[in-house]
Every structure is written in structure tokens, then in C-alpha cells.
file start_10.cif (mmCIF, C-alpha atoms)
data_query
#
loop_
_atom_site.label_atom_id
_atom_site.label_comp_id
_atom_site.auth_asym_id
_atom_site.auth_seq_id
_atom_site.Cartn_x
_atom_site.Cartn_y
_atom_site.Cartn_z
CA MET A 182 82.78 173.60 -100.69
CA LYS A 183 81.33 172.53 -97.36
CA ARG A 184 78.48 170.70 -99.16
CA ILE A 185 80.93 168.95 -101.54
CA TRP A 186 83.07 167.84 -98.56
CA MET A 187 80.04 166.31 -96.76
CA ILE A 188 78.99 164.42 -99.87
CA CYS A 189 82.51 162.91 -100.18
CA MET A 190 82.50 161.79 -96.54
CA LEU A 191 79.08 160.10 -96.88
CA THR A 192 80.26 158.26 -99.99
CA PHE A 193 83.39 157.03 -98.15
CA LEU A 194 81.45 155.73 -95.15
CA VAL A 195 78.94 153.84 -97.32
CA GLY A 196 81.80 152.20 -99.21
CA VAL A 197 83.46 151.00 -96.01
CA SER A 198 80.15 149.53 -94.80
CA PHE A 199 79.66 147.53 -98.01
CA ALA A 200 83.29 146.36 -97.93
CA GLN A 201 82.88 144.88 -94.41
CA LYS A 202 79.75 142.92 -95.37
CA ALA A 203 81.40 141.50 -98.48
CA ASN A 204 84.57 140.35 -96.64
CA PRO A 205 84.17 136.68 -95.43
CA SER A 206 87.09 137.10 -93.11
CA GLY A 207 85.02 139.31 -90.91
CA SER A 208 83.14 136.43 -89.40
CA ASN A 209 86.37 134.46 -89.13
CA ASN A 210 87.97 137.25 -87.19
CA LYS A 211 85.02 137.21 -84.82
CA THR A 212 85.33 133.47 -84.38
CA THR A 213 89.04 133.73 -83.72
CA GLN A 214 88.49 136.36 -81.08
CA ASN A 215 85.87 134.15 -79.39
CA SER A 216 88.28 131.20 -79.47
CA VAL A 217 91.04 133.16 -77.83
CA LYS A 218 88.59 134.40 -75.22
CA SER A 219 87.47 130.81 -74.49
CA LYS A 220 91.06 129.63 -74.00
CA LYS A 221 91.74 132.45 -71.58
CA GLU A 222 88.58 131.61 -69.65
CA GLY A 223 89.59 127.95 -69.57
CA GLN A 224 92.98 128.82 -68.14
CA ASP A 225 91.40 130.95 -65.46
CA ASN A 226 88.84 128.27 -64.59
CA PRO A 227 90.48 125.03 -63.31
CA LYS A 228 87.28 123.04 -63.94
CA THR A 229 87.56 123.50 -67.69
CA THR A 230 91.31 122.86 -67.84
CA ALA A 231 92.27 119.24 -68.42
CA PRO A 232 94.82 118.02 -65.84
CA LYS A 233 98.23 116.93 -67.10
CA GLN A 234 98.79 113.19 -66.97
CA ASN A 235 102.13 111.40 -66.90
CA THR A 236 101.38 108.63 -69.37
CA PRO A 237 104.19 106.06 -69.49
CA LYS A 238 105.70 105.43 -72.87
CA GLU A 239 105.18 102.02 -74.38
CA SER A 240 108.25 99.87 -74.09
CA THR A 241 109.94 98.80 -77.28
CA THR A 242 111.13 95.59 -75.63
CA THR A 243 109.02 92.60 -74.65
CA VAL A 244 109.32 90.12 -71.84
CA GLU A 245 107.17 87.58 -73.58
CA PRO A 246 108.93 84.35 -74.53
CA LYS A 247 110.09 84.21 -78.13
CA PRO A 248 109.47 81.08 -80.22
CA THR A 249 112.38 78.94 -81.32
CA ALA A 250 112.51 76.01 -83.69
CA ASN A 251 115.15 73.95 -81.88
CA ALA A 252 115.39 74.37 -78.13
CA SER A 253 117.77 71.46 -77.62
CA SER A 254 120.59 70.00 -79.68
CA CYS A 255 118.95 66.60 -80.08
CA PRO A 256 119.96 64.48 -83.10
CA ASP A 257 116.52 62.85 -83.33
CA ASN A 258 113.22 62.36 -81.47
CA HIS A 259 114.37 59.34 -79.48
CA HIS A 260 114.82 61.04 -76.11
CA PRO A 261 116.60 61.35 -73.77
CA HIS A 262 119.87 62.46 -75.36
CA LEU A 263 123.17 63.33 -73.75
CA ILE A 264 124.04 66.93 -74.72
CA ASP A 265 127.62 68.15 -74.50
CA LEU A 266 127.47 71.93 -74.02
CA GLY A 267 131.25 72.35 -73.99
CA LEU A 268 131.38 73.18 -70.29
CA PRO A 269 134.77 73.31 -68.51
CA SER A 270 133.85 70.52 -66.09
CA GLY A 271 132.95 68.17 -68.93
CA THR A 272 129.45 67.68 -67.50
CA LYS A 273 126.92 66.55 -70.10
CA TRP A 274 123.23 67.31 -69.66
CA ALA A 275 120.08 65.35 -70.50
CA CYS A 276 117.82 66.94 -73.10
CA CYS A 277 114.65 66.42 -71.02
CA ASN A 278 113.33 65.95 -67.50
CA VAL A 279 112.76 62.66 -65.72
CA GLY A 280 109.26 61.51 -66.70
CA ALA A 281 109.18 63.59 -69.90
CA SER A 282 109.35 62.27 -73.46
CA THR A 283 110.32 65.59 -75.09
CA PRO A 284 112.59 68.53 -74.13
CA GLU A 285 109.56 70.75 -73.49
CA GLY A 286 107.72 68.13 -71.42
CA TYR A 287 107.31 68.95 -67.73
CA GLY A 288 107.91 65.40 -66.62
CA ASP A 289 107.33 64.15 -63.09
CA TYR A 290 107.69 65.92 -59.75
CA TYR A 291 109.70 64.49 -56.87
CA SER A 292 110.37 65.43 -53.29
CA TRP A 293 114.07 65.65 -52.54
CA GLY A 294 115.60 62.24 -51.88
CA GLU A 295 112.53 60.32 -53.04
CA THR A 296 112.25 58.17 -56.14
CA SER A 297 108.47 57.99 -56.63
CA THR A 298 105.74 60.54 -57.26
CA ARG A 299 102.61 61.10 -55.18
CA SER A 300 99.34 63.01 -55.29
CA ASN A 301 100.00 65.00 -52.12
CA TYR A 302 103.28 66.75 -51.29
CA SER A 303 103.59 67.67 -47.60
CA TRP A 304 105.58 66.94 -44.46
CA LYS A 305 103.00 64.34 -43.50
CA THR A 306 103.50 62.39 -46.73
CA TYR A 307 107.27 62.93 -47.04
CA ASN A 308 109.08 59.63 -46.46
CA HIS A 309 112.22 61.07 -44.88
CA CYS A 310 110.73 62.86 -41.89
CA LYS A 311 108.23 62.36 -39.07
CA GLY A 312 105.78 65.08 -40.04
CA SER A 313 107.88 68.24 -39.71
CA ALA A 314 111.03 69.92 -40.98
CA ASN A 315 113.04 69.43 -37.79
CA THR A 316 112.38 65.67 -37.80
CA CYS A 317 113.90 65.10 -41.26
CA THR A 318 116.37 62.29 -41.69
CA LYS A 319 119.87 63.36 -42.70
CA LEU A 320 120.57 61.77 -46.07
CA GLY A 321 124.00 63.34 -46.46
CA SER A 322 125.26 66.54 -48.05
CA ASP A 323 125.18 65.01 -51.55
CA ILE A 324 122.86 62.17 -52.58
CA THR A 325 124.04 61.87 -56.19
CA GLY A 326 124.59 58.26 -57.21
CA THR A 327 122.96 56.91 -54.03
CA ASN A 328 119.69 55.06 -53.56
CA TYR A 329 118.05 58.47 -53.00
CA ASP A 330 119.08 59.68 -56.47
CA VAL A 331 115.90 59.57 -58.61
CA ALA A 332 117.81 60.07 -61.88
CA ARG A 333 119.93 57.01 -61.19
CA LYS A 334 116.88 55.05 -60.02
CA LYS A 335 114.68 55.88 -63.03
CA TRP A 336 117.18 56.05 -65.88
CA GLY A 337 120.01 53.85 -64.61
CA GLY A 338 123.43 53.74 -66.21
CA SER A 339 125.60 56.77 -65.54
CA TRP A 340 122.69 59.21 -65.14
CA LYS A 341 122.70 61.19 -61.90
CA MET A 342 121.12 64.21 -60.26
CA PRO A 343 123.24 67.34 -60.81
CA THR A 344 125.02 69.00 -57.93
CA ILE A 345 124.31 72.64 -57.21
CA LYS A 346 127.85 73.36 -58.44
CA GLN A 347 126.96 71.90 -61.83
CA PHE A 348 123.78 73.98 -61.93
CA LEU A 349 125.78 77.12 -61.21
CA GLU A 350 128.22 76.25 -63.99
CA LEU A 351 125.26 75.86 -66.33
CA SER A 352 123.84 79.27 -65.43
CA LYS A 353 127.16 81.11 -65.45
CA ARG A 354 128.89 79.50 -68.43
CA CYS A 355 125.87 79.34 -70.73
CA ARG A 356 123.91 82.08 -72.41
CA HIS A 357 120.29 81.61 -71.38
CA THR A 358 117.30 83.16 -73.12
CA LEU A 359 113.54 83.13 -72.66
CA VAL A 360 111.85 81.01 -75.33
CA THR A 361 108.65 79.13 -76.07
CA VAL A 362 108.76 75.61 -77.51
CA ASN A 363 105.49 74.17 -78.78
CA GLY A 364 103.55 76.48 -76.47
CA VAL A 365 105.73 75.76 -73.42
CA ASN A 366 107.66 78.60 -71.74
CA GLY A 367 111.17 78.05 -70.46
CA ARG A 368 114.81 79.02 -70.69
CA LYS A 369 117.21 77.87 -73.38
CA PHE A 370 120.80 77.37 -72.19
CA THR A 371 123.38 77.61 -74.95
CA GLY A 372 126.86 76.40 -74.09
CA PRO A 373 130.28 77.63 -75.23
CA ASN A 374 130.23 75.20 -78.17
CA GLY A 375 126.84 76.43 -79.45
CA LYS A 376 124.80 73.41 -78.37
CA SER A 377 121.82 73.91 -76.10
CA ILE A 378 119.24 72.42 -73.74
CA PHE A 379 115.79 73.68 -72.75
CA LEU A 380 114.47 73.87 -69.18
CA PRO A 381 110.68 74.28 -69.17
CA PHE A 382 108.89 76.30 -66.51
CA ALA A 383 107.23 73.28 -64.97
CA GLY A 384 106.45 74.99 -61.67
CA SER A 385 106.29 72.90 -58.50
CA LYS A 386 103.96 70.73 -56.42
CA PHE A 387 102.89 71.40 -52.84
CA GLY A 388 100.00 69.69 -51.12
CA THR A 389 97.62 68.75 -53.93
CA GLU A 390 98.26 71.99 -55.82
CA SER A 391 100.60 73.11 -58.60
CA GLY A 392 102.26 76.52 -58.51
CA ASN A 393 103.94 78.87 -61.01
CA VAL A 394 103.50 76.50 -63.95
CA GLY A 395 104.55 78.36 -67.08
CA ASN A 396 106.31 81.10 -65.08
CA ASN A 397 109.10 79.45 -63.08
CA GLY A 398 111.15 76.28 -63.08
CA TYR A 399 112.44 74.47 -59.97
CA TYR A 400 115.09 71.76 -60.45
CA TRP A 401 116.36 69.77 -57.50
CA SER A 402 120.10 69.42 -57.06
CA SER A 403 121.67 66.54 -55.17
CA ASN A 404 122.83 68.79 -52.33
CA SER A 405 121.09 69.36 -49.03
CA ASN A 406 121.26 72.57 -47.04
CA LEU A 407 123.65 71.79 -44.21
CA ARG A 408 122.32 74.72 -42.20
CA ASN A 409 118.79 73.34 -42.19
CA VAL A 410 118.15 69.63 -42.31
CA GLY A 411 114.69 70.14 -43.80
CA GLU A 412 115.92 72.00 -46.89
CA ALA A 413 117.81 71.25 -50.10
CA TYR A 414 119.25 73.30 -52.96
CA TYR A 415 117.69 73.68 -56.39
CA LEU A 416 118.13 75.68 -59.60
CA PHE A 417 115.55 78.45 -59.86
CA VAL A 418 114.77 79.75 -63.38
CA THR A 419 112.26 82.52 -64.07
CA THR A 420 110.65 84.57 -66.83
CA SER A 421 112.45 87.66 -65.52
CA GLY A 422 115.83 86.23 -66.51
CA TYR A 423 117.06 84.80 -63.21
CA ALA A 424 118.80 81.44 -63.22
CA GLY A 425 120.56 80.67 -59.96
CA ARG A 426 120.70 78.81 -56.68
CA SER A 427 118.00 78.70 -54.07
CA TYR A 428 116.84 76.29 -51.35
CA TYR A 429 113.56 75.25 -49.81
CA TYR A 430 111.66 72.49 -48.04
CA ARG A 431 112.52 68.99 -49.17
CA TYR A 432 108.92 67.79 -49.41
CA TYR A 433 108.12 70.09 -52.36
CA GLY A 434 107.69 68.39 -55.71
CA HIS A 435 110.30 69.70 -58.17
CA SER A 436 111.62 68.70 -61.57
CA ILE A 437 114.71 66.56 -62.15
CA ARG A 438 117.17 67.16 -65.00
CA PRO A 439 119.83 64.39 -65.04
CA VAL A 440 123.49 64.73 -65.96
CA GLN A 441 126.44 62.49 -66.65
CA ARG A 442 129.72 63.38 -65.12
CA PRO A 443 133.07 62.88 -66.84
CA ALA A 444 135.08 59.86 -65.83
CA ILE A 445 137.79 60.56 -63.28
CA ASN A 446 141.16 59.00 -63.97
CA LYS A 447 142.52 57.62 -60.74
CA LYS A 448 146.24 57.95 -60.19
CA LYS A 449 148.07 54.66 -59.87
#
call {"tool": "encode", "arguments": {"input": "start_10.cif", "output": "C-alpha cells"}}
result
Amino acid sequence: MKRIWMICMLTFLVGVSFAQKANPSGSNNKTTQNSVKSKKEGQDNPKTTAPKQNTPKESTTTVEPKPTANASSCPDNHHPHLIDLGLPSGTKWACCNVGASTPEGYGDYYSWGETSTRSNYSWKTYNHCKGSANTCTKLGSDITGTNYDVARKKWGGSWKMPTIKQFLELSKRCRHTLVTVNGVNGRKFTGPNGKSIFLPFAGSKFGTESGNVGNNGYYWSSNSNLRNVGEAYYLFVTTSGYAGRSYYYRYYGHSIRPVQRPAINKKK
């Protein structure tokens, strides 16, 4: 009996040995164990553990200007046109800048209160001062319609420089969006009646340089800054969405966007 029992045990052990060699999962189990061991070693060893990084998610919105077919409500290509935006004041806006032949044209750059362009914009070349801000000549709080009004001088008729109040009405009463017209960045202002005008980001002139062309627009108003004789107000429009009032030195070369004001009925 003892001999028979030993023979059975030997047969069983040989069978188990052959079964392990024939099972392909044996090597896989070994690999899995090694993998687990490697992960544990990596966790214990900071050199082999990749540091966590806070990668910002890509934004689903874009700040790039979007193209538009019609930036201004012009009836034809014979510019400038008078655009009625349906504003409460009745102010009507030109479709393009002084010196431009299209709504997206930058046009010319003028120092505040001057009616001609130049190659160098500085206190030394500014006609209405003696070389510095504190020597500026007072031209009045509002030069619209005067001999210092470049819109009136260049275009004649009823065209005038807008007041800062008219600029603020434009920015507050109109929906303005960032657009590109024929490769030119700017802001499209759509009035209550659905009609619109386009203000290109023409930048500004200082010295012999140009600044912020394609990024910002600077449009002189007819109003000076009464707190500082060397400054005047302008409309500041940007790619970030801002469209509001600001003021700076009068010698800077800025854009001019003319308006026509409604007739005022005088009481008899």
C-alpha cells in the first residue's frame, strides 16, 4: 500500500509540472507581478514619479476678430455716407474717417484742434502750444463747428467733430462687436434701428512712430479736458471690448469720425 501511495504522489507532481509549462498565463502572471512591483517602486522613489501639472483647459471662446460682410450700412461705394443709427439724440454718423475712402480705411491722423497732418507729432511741432503741455493755448471747452474743427474744415457742410457726449451715446446705446473687414480689425457699432458703422483700430501717431495699429482705436472728440489745458477727450476702442471715454495729450495724432447733429428748432 505504501508503494502504491508513493507512485500516485509522483504521478500527481509530474502532472502539475507539465500543466504549469503548458499554461501561457504563467508568464503573464509573472509580468503582472513585475509591473505592480515597478509601480510601487516608482511611488516610493520621487525621481521616477512624474510631477502633477495644472494644465489650463483650452478656451472654447475666441478673442480674435470675426469677419463680417457689411460693417457699415452704406447704400453704395461712394463714401462718405451719413448713417442714421436710430440714436435718441438724432445724431447721424459718417461711415468712414476723415482721409479714408472706405469704412475700414484708417484715414489721416490729426492733433487735437489742428486741421492738417504732419510727419512728426510732438509738443515741439504742435501749433497750439510753445513746446510743452502747460503752455498750450486754450481753444475752448468745445471746438466743434469752429475753425479748429478738422471735420468741418475738410468735409464742409454740416459735418462736425463729435462731442464726447455723442461718443458715449454711441458706446452705450449701440451693440458693439469685434470684427474684421477686409483684413482690418475694428469694432462694429449697431444702433437701435439695426444700422451700423465700423471704427477701425487705426492706432495713433506720436513723434514719428505709430502705435497700437490693429489693436486699438483713438478718436478725438471736440471737447478739451478743463482740468488740464494740454489734454482733450477721445473715444477709446479696444480688442478687449472696451469702448469709452479717455483723455490724453493734444499733440497726439488720432483719428477723426465726423457726425451731423440734428437741427435745433428755435422758439419764436
call {"tool": "residues_around", "arguments": {"input": "start_10.cif", "residues": "region 323-334 of chain A", "least_positions_apart": "6", "cutoff": "9 Å", "atoms": "only C-alpha atoms", "output": "list in words"}}
result
Val279, Tyr291, Trp293, Gly294, Glu295, Thr296, Ser297, Trp340, Lys341, Met342, Pro343, Thr344, Ser402, Ser403, Asn404, Ser405, Ile437, Arg438, Pro439 and Val440 of chain A
call {"tool": "residues_around", "arguments": {"input": "start_10.cif", "residues": "Gly398 (chain A)", "least_positions_apart": "5", "cutoff": "7 Å", "atoms": "only C-alpha atoms", "output": "MDAnalysis selection string"}}
result
chainID A and resid 381:384 417:419
call {"tool": "closest_atom_pairs", "arguments": {"input": "start_10.cif", "of": "region 393-421 of chain A", "to": "region 313-318 of chain A", "cutoff": "10 Å", "atoms": "only C-alpha atoms", "output": "Markdown table"}}
result
| residue | atom | partner | partner_atom | distance |
| --- | --- | --- | --- | --- |
| A:Asn409 | CA | A:Asn315 | CA | 8.2 |
| A:Val410 | CA | A:Cys317 | CA | 6.3 |
| A:Gly411 | CA | A:Ala314 | CA | 4.6 |
| A:Glu412 | CA | A:Ala314 | CA | 7.9 |
call {"tool": "write_last_selection", "arguments": {"input": "start_10.cif", "atoms": "C-alpha atoms", "output": "CSV table (one decimal), keeping the file's coordinate frame"}}
result
chain,number,residue,atom,x,y,z
A,409,ASN,CA,118.8,73.3,-42.2
A,410,VAL,CA,118.2,69.6,-42.3
A,411,GLY,CA,114.7,70.1,-43.8
A,412,GLU,CA,115.9,72.0,-46.9
call {"tool": "closest_residue", "arguments": {"input": "start_10.cif", "among": "A:Gly388, A:Pro256, A:Gly395, A:Gly267", "to": "Trp304 (chain A)", "atoms": "all atoms listed in the file"}}
result
A:Gly388
call {"tool": "residues_around", "arguments": {"input": "start_10.cif", "residues": "region 420-422 of chain A", "least_positions_apart": "4", "cutoff": "7 Å", "atoms": "only C-alpha atoms", "output": "JSON, numbers by chain"}}
result
{"A": [359, 396, 397]}
call {"tool": "atom_distance", "arguments": {"input": "start_10.cif", "atom1": "CA of Leu380 (chain A)", "atom2": "CA of Leu351 (chain A)"}}
result
11.3 Å
call {"tool": "atom_distance", "arguments": {"input": "start_10.cif", "atom1": "CA of Tyr428 (chain A)", "atom2": "CA of Tyr307 (chain A)"}}
result
17.0 Å
call {"tool": "closest_residue", "arguments": {"input": "start_10.cif", "among": "A:Tyr414, A:Arg408, A:Thr389, A:Gly425", "to": "Tyr302 (chain A)", "atoms": "all atoms listed in the file"}}
result
A:Thr389
call {"tool": "residues_around", "arguments": {"input": "start_10.cif", "residues": "region 365-370 of chain A", "least_positions_apart": "3", "cutoff": "7 Å", "atoms": "only C-alpha atoms", "output": "list in words"}}
result
Pro246, Ala252, Glu285, Cys355, Arg356, His357, Thr358, Leu359, Val360, Thr361, Val362, Ser377, Ile378, Phe379, Leu380, Pro381, Phe382 and Gly395 of chain A
call {"tool": "resolve_selection", "arguments": {"input": "start_10.cif", "expression": "the PyMOL selection byres ((chain A and resi 350) around 12)", "output": "ChimeraX atom specification"}}
result
/A:266-274,343-349,351-356,370,372-373,416,424-426
call {"tool": "atom_distance", "arguments": {"input": "start_10.cif", "atom1": "CA of Tyr399 (chain A)", "atom2": "CA of Asn278 (chain A)"}}
result
11.4 Å
call {"tool": "closest_residue", "arguments": {"input": "start_10.cif", "among": "A:Leu320, A:Leu407, A:His260, A:Val394", "to": "Pro284 (chain A)", "atoms": "only C-alpha atoms"}}
result
A:His260
call {"tool": "residues_around", "arguments": {"input": "start_10.cif", "residues": "Ser303 (chain A)", "least_positions_apart": "4", "cutoff": "10 Å", "atoms": "only C-alpha atoms", "output": "list in words"}}
result
Ser292, Tyr307, Asn308, Gly312, Ser313, Lys386, Phe387, Gly388, Thr389, Tyr430, Arg431, Tyr432, Tyr433 and Gly434 of chain A
call {"tool": "closest_residue", "arguments": {"input": "start_10.cif", "among": "A:Ser427, A:Asn406, A:Thr298, A:Ser391", "to": "Lys319 (chain A)", "atoms": "all atoms listed in the file"}}
result
A:Asn406
call {"tool": "decode", "arguments": {"input": "start_10.cif", "residues": "region 265-284 of chain A", "atoms": "N, CA and C atoms", "output": "tab-separated table (two decimals), in the first residue's frame"}}
result
chain	number	residue	atom	x	y	z
A	265	ASP	N	-27.77	106.88	-40.15
A	265	ASP	CA	-28.68	107.10	-39.03
A	265	ASP	C	-28.79	105.79	-38.25
A	266	LEU	N	-28.27	105.77	-37.04
A	266	LEU	CA	-28.27	104.57	-36.20
A	266	LEU	C	-29.51	104.47	-35.32
A	267	GLY	N	-30.39	105.46	-35.41
A	267	GLY	CA	-31.58	105.46	-34.57
A	267	GLY	C	-31.31	105.86	-33.13
A	268	LEU	N	-30.31	106.71	-32.93
A	268	LEU	CA	-29.95	107.13	-31.58
A	268	LEU	C	-30.92	108.18	-31.04
A	269	PRO	N	-31.14	108.21	-29.74
A	269	PRO	CA	-32.10	109.16	-29.15
A	269	PRO	C	-31.81	110.62	-29.48
A	270	SER	N	-30.54	110.99	-29.55
A	270	SER	CA	-30.19	112.39	-29.81
A	270	SER	C	-30.44	112.80	-31.25
A	271	GLY	N	-30.60	111.82	-32.14
A	271	GLY	CA	-30.76	112.11	-33.56
A	271	GLY	C	-29.44	112.29	-34.28
A	272	THR	N	-28.33	112.10	-33.58
A	272	THR	CA	-27.01	112.24	-34.20
A	272	THR	C	-26.82	111.19	-35.29
A	273	LYS	N	-26.32	111.63	-36.42
A	273	LYS	CA	-26.01	110.72	-37.53
A	273	LYS	C	-24.50	110.68	-37.72
A	274	TRP	N	-23.98	109.49	-37.99
A	274	TRP	CA	-22.54	109.28	-38.04
A	274	TRP	C	-22.05	109.04	-39.46
A	275	ALA	N	-20.83	109.52	-39.73
A	275	ALA	CA	-20.18	109.23	-41.02
A	275	ALA	C	-19.79	107.76	-41.06
A	276	CYS	N	-19.73	107.21	-42.26
A	276	CYS	CA	-19.39	105.79	-42.42
A	276	CYS	C	-17.88	105.56	-42.40
A	277	CYS	N	-17.07	106.62	-42.51
A	277	CYS	CA	-15.62	106.44	-42.55
A	277	CYS	C	-14.91	107.63	-41.91
A	278	ASN	N	-13.62	107.47	-41.70
A	278	ASN	CA	-12.81	108.51	-41.07
A	278	ASN	C	-12.42	109.60	-42.05
A	279	VAL	N	-12.06	110.75	-41.52
A	279	VAL	CA	-11.51	111.82	-42.36
A	279	VAL	C	-10.20	111.32	-42.98
A	280	GLY	N	-10.09	111.44	-44.30
A	280	GLY	CA	-8.90	110.98	-45.01
A	280	GLY	C	-9.01	109.57	-45.54
A	281	ALA	N	-10.10	108.87	-45.21
A	281	ALA	CA	-10.30	107.50	-45.68
A	281	ALA	C	-11.34	107.48	-46.80
A	282	SER	N	-11.21	106.49	-47.69
A	282	SER	CA	-12.15	106.36	-48.80
A	282	SER	C	-13.09	105.18	-48.63
A	283	THR	N	-12.88	104.39	-47.56
A	283	THR	CA	-13.73	103.24	-47.25
A	283	THR	C	-13.95	103.18	-45.74
A	284	PRO	N	-14.99	102.48	-45.28
A	284	PRO	CA	-15.23	102.38	-43.84
A	284	PRO	C	-14.08	101.75	-43.06
